[in-house]
There are 4 protein chains.
Amino acid sequence: MLEELKQAVYEANMDLPRYGLVTFTWGNVSGIDRETGLFVIKPSGVDYDKLSPDNMVVMDLNGNKVEGKYNPSSDTATHLELYKAFPQIGGIVHTHSSYATSWAQAGRSIPCYGTTHADYMYGEIPCVRCLTKEEIDGAYEENTGHLIVDSFRKMGKDVMAVPAVLCKNHGPFAWGKDAHEAVHNAVVLEEVAKMAYRAETINPRIQPAPQKLQDKHYYRKHGANAYYGQKEE
Amino acid sequence: MLEELKQAVYEANMDLPRYGLVTFTWGNVSGIDRETGLFVIKPSGVDYDKLSPDNMVVMDLNGNKVEGKYNPSSDTATHLELYKAFPQIGGIVHTHSSYATSWAQAGRSIPCYGTTHADYMYGEIPCVRCLTKEEIDGAYEENTGHLIVDSFRKMGKDVMAVPAVLCKNHGPFAWGKDAHEAVHNAVVLEEVAKMAYRAETINPRIQPAPQKLQDKHYYRKHGANAYYGQKEE
Amino acid sequence: MLEELKQAVYEANMDLPRYGLVTFTWGNVSGIDRETGLFVIKPSGVDYDKLSPDNMVVMDLNGNKVEGKYNPSSDTATHLELYKAFPQIGGIVHTHSSYATSWAQAGRSIPCYGTTHADYMYGEIPCVRCLTKEEIDGAYEENTGHLIVDSFRKMGKDVMAVPAVLCKNHGPFAWGKDAHEAVHNAVVLEEVAKMAYRAETINPRIQPAPQKLQDKHYYRKHGANAYYGQKEE
Amino acid sequence: MLEELKQAVYEANMDLPRYGLVTFTWGNVSGIDRETGLFVIKPSGVDYDKLSPDNMVVMDLNGNKVEGKYNPSSDTATHLELYKAFPQIGGIVHTHSSYATSWAQAGRSIPCYGTTHADYMYGEIPCVRCLTKEEIDGAYEENTGHLIVDSFRKMGKDVMAVPAVLCKNHGPFAWGKDAHEAVHNAVVLEEVAKMAYRAETINPRIQPAPQKLQDKHYYRKHGANAYYGQKEE
């Protein structure tokens, strides 16, 4: 069942330790098959060196486990809400990567200070508020998803142009057209978080990059007029 | 004698360089067998690449060496006091890991700024005072143990919920139900110390995570209602 | 065609991940053959593990592709302007290396705080302004080259004595007598950027190294009276 | 000639990249044979992967090359002055290791903030002033040696208890009873420099560790009453 997707989600999960984004089991990646409406996610709390395509868990969008001997990631309900709200998203990743999590703990959005950021993400990476007591007491992980969805809608942000968010006092989620791209964006986020941290230390009166430059770099790589890279065959 | 425990303590010691927690011989792990009241600890000042299960040292809780050709770690008396005072503890580790030691040198407890911390440790990681001249002149390592024990009792902290401490101007001790879990907690401590350092730089007016969120994450992983990970078979 | 140069430029590109200067495809190296006026550059957006001497792209100084199945690096026009303006330059590299890019984002030149810097680079590494809207709307990459060239001429800086520049809100370019030396200088720049960052944190009232010491170290390694290293055979 | 010493000095030099203390050729180690008064040192500007025991250079204490096809390290005269002034020193190392060099650039001595420092080095690691114009114009490297020697004598510091120094705007020298111990001390220095940097960031009002604690840890490892480690056989 969904063998190809399981393989892809497995590989994307294994990229987390490879890129230094996780300690122990502090991360999870999922990918969705939009035709069947089923998504594949890492099992909860299983060590990366014990993962295999076979122990990935298959879920439906009502939150039912469809296949798998393990419990799915404890963050499954957050992934699910994002998949339901944003049909463009094909893969999601959650980590506690060090710099991005530090910004989340600090409760600050990451300003766009340069082209490394603008090449992949349009404008600041928002930090959404901590959940309320009621939201935490209720369906915590689902409410995390609702908060992200509502925040992006209120801010009028396109999730494909801003493919990451920081959850205050928690850490980042990132996403993309598939699980592989989601992890790619999580790596970019960590690099951008690191550079922004250092740039603010070097110049406490730093300003975001001019909008014009942000536009130039974002659209050099995205949209109809992109000219970075090779034409896909 | 205690072959299984020696193997486990040996492996836990070898995890220290693997996780980047030690330079040279700056760390030691022990584990206790509560039935016999004997504990196994790293020999003092022996390089990690010369360690083997066989050169671990076996001690009793009166501080007598029961087996082993080497001197035990110079911090043995501190381990011993913790084992005597807290029967729940099955393993102890001391390191000079870089970020945790920096907090200890700064003389500050590590506030709980996020869920990475709350997932494993309930509330701030306390930094206990430096020993007095008299305590240093006396049984220094034993007095370090007394100070940790007294401090936890005065603060009313559960050692299993706060499985680490910083000794001012010195460095961290961490513990757990066994040697393996003690090292796991030492890794968590170092990550948490790193993120807290950076989060304070990003936002000098940072506040600890709301108590409600700390509770949620701690109890998501601990106690009767935990739902993180897989049921143990 | 230019097989030796392609091999050298390929190797210089492969040194970027080896020295930790790039994430993903965020860097490019070129090298020029001054006799034919042709230069060889990395293809745009191709993963480092898919590079080979054969897929390097050969360009002329009018910006025409002379050989190669791939598109050249999107920064090709910047390289080209530097080659045209400064005949001493034989190789150029662009990266988003972490510390140098942080200085670029902060919009600050890197002062010469010590001999590590003075051994290779004479005086501060300048940070040139961000491009104007008009410059961005026009031939962006070419205009980046013009800006660097004009800035060095206005400042009266010798490009071989100051073999690197920071482009505000973007990142560094470095160069040298060939592609290999360009990458060497990019590594030096990153180390120097890292040390300057930390030195300012340690002492916010820090001053640049005395001019005399800068001169001593620079000329110990460069020019007719250099005495560092071995006589080249 | 001095084959054993050449082997030892070679190995100590190779430990520099192994411990991450050098970039390119930015470091050199020497060791002395006190019976013959000859010392062995790394050749100048030769890559670490081209070093071998055979290309080490043998020098006498008058600065004459006694054996070796290469020029000795450009810092040879500094090593020589230290060997002449302090007969206890058997090995010397110079690096541009990142944190120690940052303190040197900042022009600050490293205070003793904790036991990691006190275990190996007694009291602060001094930063000596930059050389004067006259000293730089003269025998620069020799004058660097004179300055270190004079500074230690004026401060009344025992070179074996304070086995390292920072040269302002330049970087660290460290030493020990032989080349191996010199490199060991250079590693300790870098760790101590890193922790002190972070500790000051965590607590800007930090104070040095109490003298009593510094004494305790230093003498736990050094002198007649040391009890750390194993009795040497």
# chains A, B, ... in the order shown; residues from 1 in each chain; ligands from 1
>>> residues_around(residues="B:Met160", least_positions_apart="6", cutoff="8 Å", atoms="only C-alpha atoms", output="list of chain:residue names")
B:Gln88, B:Ile89, B:Gly176
>>> select_by_dssp(residues="stretch 44-127 of chain D", states="strand (DSSP E or B)", output="list in words")
Val57, Val58, Met59, Asp60, Lys65, Val66, Glu67, Pro72, Gly91, Ile92, Val93, His94, Thr95, Ile110, Ile125 and Cys127 of chain D
>>> select_by_dssp(residues="stretch 5-232 of chain D", states="alpha helix (DSSP H)", output="ChimeraX atom specification")
/D:5-18,76-85,98-106,115-118,133-137,140-155,179-202,211-221
>>> interface_residues(of="chain A", to="chain C", cutoff="9 Å", atoms="only C-alpha atoms", output="PyMOL selection string")
chain A and resi 113-116+184+187-188+191+194-210+212-213+216+227-231
>>> atom_distance(atom1="atom CA of C:Ala164", atom2="atom CA of A:Cys112")
23.9 Å
>>> atom_distance(atom1="atom CA of A:Glu67", atom2="atom CA of A:Leu21")
27.5 Å
>>> atom_distance(atom1="atom CA of B:Phe173", atom2="atom CA of B:Phe152")
13.0 Å
>>> residues_around(residues="stretch 32-35 of chain C", least_positions_apart="3", cutoff="10 Å", atoms="only C-alpha atoms", output="ChimeraX atom specification")
/C:2,5-6,9,38-41,58-61,79-80,83,87-92,177-179
>>> closest_residue(among="A:Ala139, A:Val162, A:Leu51, A:Ala193", to="A:Met121", atoms="only C-alpha atoms")
A:Val162
